[in-house]
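Notes follow the structure.
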Amino acid sequence: GYRTTGKSSVSELLAKNFERKISHMDSDISKKIGNINEYVNKNGWGSFRKAETVVLEKISEENDLVVDCGGGIIETEENIKIMRETGIVIWLQASINTIKKRLEKDSKNRRPSLTGKSITDEIEEVIQKRLLLYKKAADYVIDTENKTIKEIAHEISVLLKSKTKICISVTANSLDSALSDIKEAEK
C-alpha cells in the first residue's frame, strides 16, 4: 500500500502473532545503500527501485517471514512476480484524505517527493499511477480507514488462518501408479 497505510506497524504485530521473523525492506535497503533520502536525491528513484529488487530477491529465499515492503515496490514488474510467487500479498489501502492527514502527522519519516508536487497532488497522481499495479500484485485488499493497527492485524490474521486448503483424492491400480500420479500432481 501507499505511505502511511500501516504496513510497518501491522507487519510487526503479524510477525509477533504468527511467531515469524520480520523484514522491514526499507531498513534492509538502507543497510545496503545508506540513507534512502540521500540515495534517492543523488541517484534517483530508478536506481532505488533496482536496489529494492535486489533486496526483495534475497529475502524471498527465506521462509516464515513477514515482509513490510515499501509502497512503490509494485512499480517494478519483476517485484510483483517475486512477491506473487513467494508469498501472500496484502494491499493495505486508505483514502487520499486519510493518507494526507497521516503524512502530515508523520513528517519525521517523510521520503523525498515522488513528483515534486503538493502532498495532495502527489498522493492523487502516485496512487492513480499505482492503482492497477496494486490490484495486480494483491491477493487480498484490506481497507485501513478508521481502524487501529490491532484491528487491521486481526483482520489479516483471520483471513490467513481461514485460508481454504484443497485436498485431492488420488486413485490408481497400484501403489507405484499412485506414487507416480502424486509426483505428477505436485508439478
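Labeling convention for the C-alpha cells: chains A, B, ... as they appear, residues from 1 per chain, ligands from 1 in order of appearance.
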
So that each row is one residue of segment 73-178 of chain A with an atom at most 12 Å from segment 4-13 of chain A, can you give its shortest atom pair and the distance in Å to one decimal, using only C-alpha atoms, rows by chain and rising number, as JSON lines?
{"residue": "A:Val89", "atom": "CA", "partner": "A:Lys7", "partner_atom": "CA", "distance": 11.7}
{"residue": "A:Ile90", "atom": "CA", "partner": "A:Lys7", "partner_atom": "CA", "distance": 9.5}
{"residue": "A:Trp91", "atom": "CA", "partner": "A:Lys7", "partner_atom": "CA", "distance": 8.9}
{"residue": "A:Leu92", "atom": "CA", "partner": "A:Thr5", "partner_atom": "CA", "distance": 5.9}
{"residue": "A:Gln93", "atom": "CA", "partner": "A:Thr5", "partner_atom": "CA", "distance": 5.9}
{"residue": "A:Ala94", "atom": "CA", "partner": "A:Thr5", "partner_atom": "CA", "distance": 6.2}
{"residue": "A:Ser95", "atom": "CA", "partner": "A:Thr5", "partner_atom": "CA", "distance": 9.3}
{"residue": "A:Ile96", "atom": "CA", "partner": "A:Thr5", "partner_atom": "CA", "distance": 10.4}
{"residue": "A:Asn97", "atom": "CA", "partner": "A:Thr4", "partner_atom": "CA", "distance": 11.6}
{"residue": "A:Thr98", "atom": "CA", "partner": "A:Thr5", "partner_atom": "CA", "distance": 8.8}
{"residue": "A:Ile99", "atom": "CA", "partner": "A:Thr4", "partner_atom": "CA", "distance": 6.1}
{"residue": "A:Lys100", "atom": "CA", "partner": "A:Thr4", "partner_atom": "CA", "distance": 8.8}
{"residue": "A:Lys101", "atom": "CA", "partner": "A:Thr4", "partner_atom": "CA", "distance": 9.3}
{"residue": "A:Arg102", "atom": "CA", "partner": "A:Thr4", "partner_atom": "CA", "distance": 6.1}
{"residue": "A:Leu103", "atom": "CA", "partner": "A:Thr4", "partner_atom": "CA", "distance": 6.5}
{"residue": "A:Glu104", "atom": "CA", "partner": "A:Thr4", "partner_atom": "CA", "distance": 10.0}
{"residue": "A:Lys105", "atom": "CA", "partner": "A:Thr4", "partner_atom": "CA", "distance": 9.8}
{"residue": "A:Asp106", "atom": "CA", "partner": "A:Thr4", "partner_atom": "CA", "distance": 8.1}
{"residue": "A:Ser107", "atom": "CA", "partner": "A:Thr4", "partner_atom": "CA", "distance": 10.7}
{"residue": "A:Asn109", "atom": "CA", "partner": "A:Thr4", "partner_atom": "CA", "distance": 9.7}
{"residue": "A:Arg110", "atom": "CA", "partner": "A:Thr4", "partner_atom": "CA", "distance": 10.0}
{"residue": "A:Arg111", "atom": "CA", "partner": "A:Thr4", "partner_atom": "CA", "distance": 11.3}
{"residue": "A:Ile123", "atom": "CA", "partner": "A:Thr4", "partner_atom": "CA", "distance": 11.2}
{"residue": "A:Val141", "atom": "CA", "partner": "A:Thr5", "partner_atom": "CA", "distance": 11.8}
{"residue": "A:Ile142", "atom": "CA", "partner": "A:Thr5", "partner_atom": "CA", "distance": 9.8}
{"residue": "A:Asp143", "atom": "CA", "partner": "A:Thr5", "partner_atom": "CA", "distance": 8.8}
{"residue": "A:Thr144", "atom": "CA", "partner": "A:Thr5", "partner_atom": "CA", "distance": 6.5}
{"residue": "A:Glu145", "atom": "CA", "partner": "A:Thr5", "partner_atom": "CA", "distance": 8.6}
{"residue": "A:Asn146", "atom": "CA", "partner": "A:Thr5", "partner_atom": "CA", "distance": 10.9}
{"residue": "A:Lys147", "atom": "CA", "partner": "A:Gly6", "partner_atom": "CA", "distance": 9.9}
{"residue": "A:Thr148", "atom": "CA", "partner": "A:Gly6", "partner_atom": "CA", "distance": 9.1}
{"residue": "A:Ile149", "atom": "CA", "partner": "A:Val10", "partner_atom": "CA", "distance": 5.7}
{"residue": "A:Lys150", "atom": "CA", "partner": "A:Val10", "partner_atom": "CA", "distance": 7.4}
{"residue": "A:Glu151", "atom": "CA", "partner": "A:Val10", "partner_atom": "CA", "distance": 9.2}
{"residue": "A:Ile152", "atom": "CA", "partner": "A:Val10", "partner_atom": "CA", "distance": 6.9}
{"residue": "A:Ala153", "atom": "CA", "partner": "A:Val10", "partner_atom": "CA", "distance": 5.5}
{"residue": "A:His154", "atom": "CA", "partner": "A:Leu13", "partner_atom": "CA", "distance": 9.1}
{"residue": "A:Glu155", "atom": "CA", "partner": "A:Val10", "partner_atom": "CA", "distance": 10.5}
{"residue": "A:Ile156", "atom": "CA", "partner": "A:Val10", "partner_atom": "CA", "distance": 9.1}
{"residue": "A:Ser157", "atom": "CA", "partner": "A:Leu13", "partner_atom": "CA", "distance": 9.9}

Helix (DSSP H, G or I) positions in segment 24-166 of chain A, given as a compact mmCIF listing (two decimals) with C-alpha atoms, in the first residue's frame:
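The new file part-v8.txt reads:
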# COMPACT_ATOMS: atom_id res chain seq x y z
CA MET A 25 12.54 -3.70 3.46
CA ASP A 26 13.39 -0.03 3.94
CA SER A 27 15.77 -0.99 6.78
CA ASP A 28 17.25 -3.81 4.70
CA ILE A 29 17.72 -1.46 1.75
CA SER A 30 19.29 1.20 4.00
CA LYS A 31 21.87 -1.33 5.16
CA LYS A 32 22.81 -1.82 1.51
CA ILE A 33 22.69 1.76 0.14
CA ILE A 36 17.32 6.33 1.44
CA ASN A 37 16.53 10.05 1.15
CA GLU A 38 20.15 10.90 0.35
CA TYR A 39 20.45 7.97 -2.05
CA VAL A 40 17.29 8.92 -3.96
CA ASN A 41 18.30 12.60 -4.11
CA LYS A 42 21.71 11.62 -5.50
CA ASN A 43 20.84 8.60 -7.70
CA TRP A 45 14.13 6.63 -7.87
CA GLY A 46 15.07 4.27 -10.73
CA SER A 47 18.33 3.33 -9.03
CA PHE A 48 16.50 2.90 -5.73
CA ARG A 49 13.98 0.55 -7.38
CA LYS A 50 16.86 -1.63 -8.66
CA ALA A 51 18.32 -1.84 -5.14
CA GLU A 52 14.84 -2.69 -3.87
CA THR A 53 14.59 -5.63 -6.29
CA VAL A 54 17.97 -6.99 -5.18
CA VAL A 55 16.84 -6.92 -1.54
CA LEU A 56 13.46 -8.49 -2.39
CA GLU A 57 15.14 -11.32 -4.29
CA LYS A 58 17.32 -12.07 -1.26
CA ILE A 59 14.53 -12.04 1.32
CA ILE A 73 7.68 -1.94 -4.73
CA ILE A 74 4.94 -2.73 -7.24
CA GLU A 75 6.39 -0.26 -9.74
CA GLU A 77 7.10 -5.88 -12.76
CA GLU A 78 9.80 -8.26 -11.53
CA ASN A 79 8.94 -7.38 -7.92
CA ILE A 80 5.28 -8.21 -8.45
CA LYS A 81 6.29 -11.56 -9.91
CA ILE A 82 8.62 -12.34 -7.00
CA MET A 83 6.01 -11.41 -4.40
CA ARG A 84 3.22 -13.41 -6.06
CA GLU A 85 5.43 -16.49 -6.44
CA THR A 86 6.83 -16.50 -2.92
CA ILE A 96 -6.31 10.09 -0.24
CA ASN A 97 -7.62 12.36 2.51
CA THR A 98 -6.63 9.91 5.25
CA ILE A 99 -3.19 9.35 3.72
CA LYS A 100 -2.67 13.13 3.55
CA LYS A 101 -3.61 13.56 7.23
CA ARG A 102 -1.32 10.69 8.26
CA LEU A 103 1.57 12.06 6.18
CA GLU A 104 1.21 15.49 7.76
CA LYS A 105 1.36 13.90 11.24
CA SER A 107 6.60 14.38 8.78
CA LYS A 108 9.70 12.95 10.55
CA ASN A 109 9.55 9.86 8.32
CA ILE A 119 1.17 16.48 -0.88
CA THR A 120 -2.42 16.12 -2.13
CA ASP A 121 -1.49 16.32 -5.81
CA GLU A 122 1.35 13.86 -5.31
CA ILE A 123 -0.81 11.34 -3.46
CA GLU A 124 -3.52 11.53 -6.14
CA GLU A 125 -1.03 11.20 -9.00
CA VAL A 126 1.01 8.37 -7.49
CA ILE A 127 -1.99 6.34 -6.34
CA GLN A 128 -3.57 6.73 -9.77
CA LYS A 129 -0.32 5.53 -11.35
CA ARG A 130 -0.03 2.57 -8.95
CA LEU A 131 -3.68 1.55 -8.63
CA LEU A 132 -3.66 -1.16 -11.31
CA LEU A 133 -0.26 -2.39 -10.09
CA TYR A 134 -1.53 -2.76 -6.51
CA LYS A 135 -4.54 -4.67 -7.84
CA LYS A 136 -2.30 -6.89 -9.96
CA ALA A 137 0.01 -7.71 -7.06
CA ILE A 149 -3.29 -1.36 13.89
CA LYS A 150 -4.64 -4.17 16.10
CA GLU A 151 -7.91 -4.29 14.14
CA ILE A 152 -6.07 -4.42 10.81
CA ALA A 153 -3.70 -7.15 12.03
CA HIS A 154 -6.63 -9.13 13.42
CA GLU A 155 -8.50 -8.89 10.10
CA ILE A 156 -5.43 -10.19 8.27
CA SER A 157 -4.86 -12.94 10.85
CA VAL A 158 -8.43 -14.20 10.47
CA LEU A 159 -8.09 -14.08 6.70
CA LEU A 160 -4.83 -16.05 6.70
CA LYS A 161 -5.95 -18.60 9.28

Inset, instruction - Going by DSSP on the backbone, which bits of segment 9-128 of chain A are strand (DSSP E)? Write them as a PyMOL selection string, please. - result: chain A and resi 21-24+65-68+90-93

Store the residues of this selection in a file with N, CA, C and O atoms, as a PDB file, in the first residue's frame.
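So the final result, stored in out-v1.pdb, reads:
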ATOM      1  N   LYS A  21       9.777 -14.253  11.793  1.00  0.00           N
ATOM      2  CA  LYS A  21      10.745 -13.167  11.648  1.00  0.00           C
ATOM      3  C   LYS A  21      10.101 -12.084  10.786  1.00  0.00           C
ATOM      4  O   LYS A  21       9.135 -12.332  10.086  1.00  0.00           O
ATOM      5  N   ILE A  22      10.692 -10.894  10.852  1.00  0.00           N
ATOM      6  CA  ILE A  22      10.167  -9.785  10.054  1.00  0.00           C
ATOM      7  C   ILE A  22      11.296  -9.148   9.262  1.00  0.00           C
ATOM      8  O   ILE A  22      12.439  -9.109   9.710  1.00  0.00           O
ATOM      9  N   SER A  23      10.957  -8.699   8.079  1.00  0.00           N
ATOM     10  CA  SER A  23      11.879  -7.925   7.264  1.00  0.00           C
ATOM     11  C   SER A  23      11.207  -6.604   6.936  1.00  0.00           C
ATOM     12  O   SER A  23      10.164  -6.580   6.288  1.00  0.00           O
ATOM     13  N   HIS A  24      11.802  -5.517   7.427  1.00  0.00           N
ATOM     14  CA  HIS A  24      11.369  -4.189   7.024  1.00  0.00           C
ATOM     15  C   HIS A  24      12.261  -3.825   5.847  1.00  0.00           C
ATOM     16  O   HIS A  24      13.443  -3.537   6.016  1.00  0.00           O
ATOM     17  N   LEU A  65       8.504 -15.693   7.086  1.00  0.00           N
ATOM     18  CA  LEU A  65       8.901 -14.296   7.189  1.00  0.00           C
ATOM     19  C   LEU A  65       7.720 -13.390   6.864  1.00  0.00           C
ATOM     20  O   LEU A  65       6.974 -13.641   5.923  1.00  0.00           O
ATOM     21  N   VAL A  66       7.545 -12.346   7.649  1.00  0.00           N
ATOM     22  CA  VAL A  66       6.587 -11.290   7.337  1.00  0.00           C
ATOM     23  C   VAL A  66       7.407 -10.155   6.752  1.00  0.00           C
ATOM     24  O   VAL A  66       8.392  -9.721   7.330  1.00  0.00           O
ATOM     25  N   VAL A  67       7.013  -9.677   5.576  1.00  0.00           N
ATOM     26  CA  VAL A  67       7.776  -8.646   4.882  1.00  0.00           C
ATOM     27  C   VAL A  67       6.955  -7.363   4.802  1.00  0.00           C
ATOM     28  O   VAL A  67       5.810  -7.376   4.361  1.00  0.00           O
ATOM     29  N   ASP A  68       7.573  -6.291   5.241  1.00  0.00           N
ATOM     30  CA  ASP A  68       6.999  -4.951   5.159  1.00  0.00           C
ATOM     31  C   ASP A  68       7.658  -4.264   3.975  1.00  0.00           C
ATOM     32  O   ASP A  68       8.790  -3.814   4.056  1.00  0.00           O
ATOM     33  N   ILE A  90      -0.724  -8.705   0.537  1.00  0.00           N
ATOM     34  CA  ILE A  90      -1.873  -7.993   1.078  1.00  0.00           C
ATOM     35  C   ILE A  90      -1.678  -6.501   0.837  1.00  0.00           C
ATOM     36  O   ILE A  90      -0.663  -5.935   1.217  1.00  0.00           O
ATOM     37  N   TRP A  91      -2.643  -5.906   0.195  1.00  0.00           N
ATOM     38  CA  TRP A  91      -2.611  -4.483  -0.112  1.00  0.00           C
ATOM     39  C   TRP A  91      -3.386  -3.739   0.970  1.00  0.00           C
ATOM     40  O   TRP A  91      -4.584  -3.940   1.136  1.00  0.00           O
ATOM     41  N   LEU A  92      -2.696  -2.892   1.734  1.00  0.00           N
ATOM     42  CA  LEU A  92      -3.343  -2.035   2.719  1.00  0.00           C
ATOM     43  C   LEU A  92      -3.650  -0.708   2.029  1.00  0.00           C
ATOM     44  O   LEU A  92      -2.770  -0.082   1.449  1.00  0.00           O
ATOM     45  N   GLN A  93      -4.905  -0.296   2.098  1.00  0.00           N
ATOM     46  CA  GLN A  93      -5.286   0.930   1.413  1.00  0.00           C
ATOM     47  C   GLN A  93      -6.036   1.880   2.332  1.00  0.00           C
ATOM     48  O   GLN A  93      -6.607   1.462   3.350  1.00  0.00           O
TER      49      GLN A  93
END

Inset, instruction - Calculate how many Å separate atom CA of Tyr140 of chain A from atom CA of Ile88 of chain A, rounding to one decimal. - result: 8.1 Å

Inset, instruction - Take atom CA of Thr76 of chain A and atom CA of Ala15 of chain A and report the distance between them in Å, one decimal. - result: 25.5 Å

Legend entry - Atomic distance atom CA of Tyr2 of chain A - atom CA of Gly71 of chain A, expressed in Å with one decimal: 4.6 Å
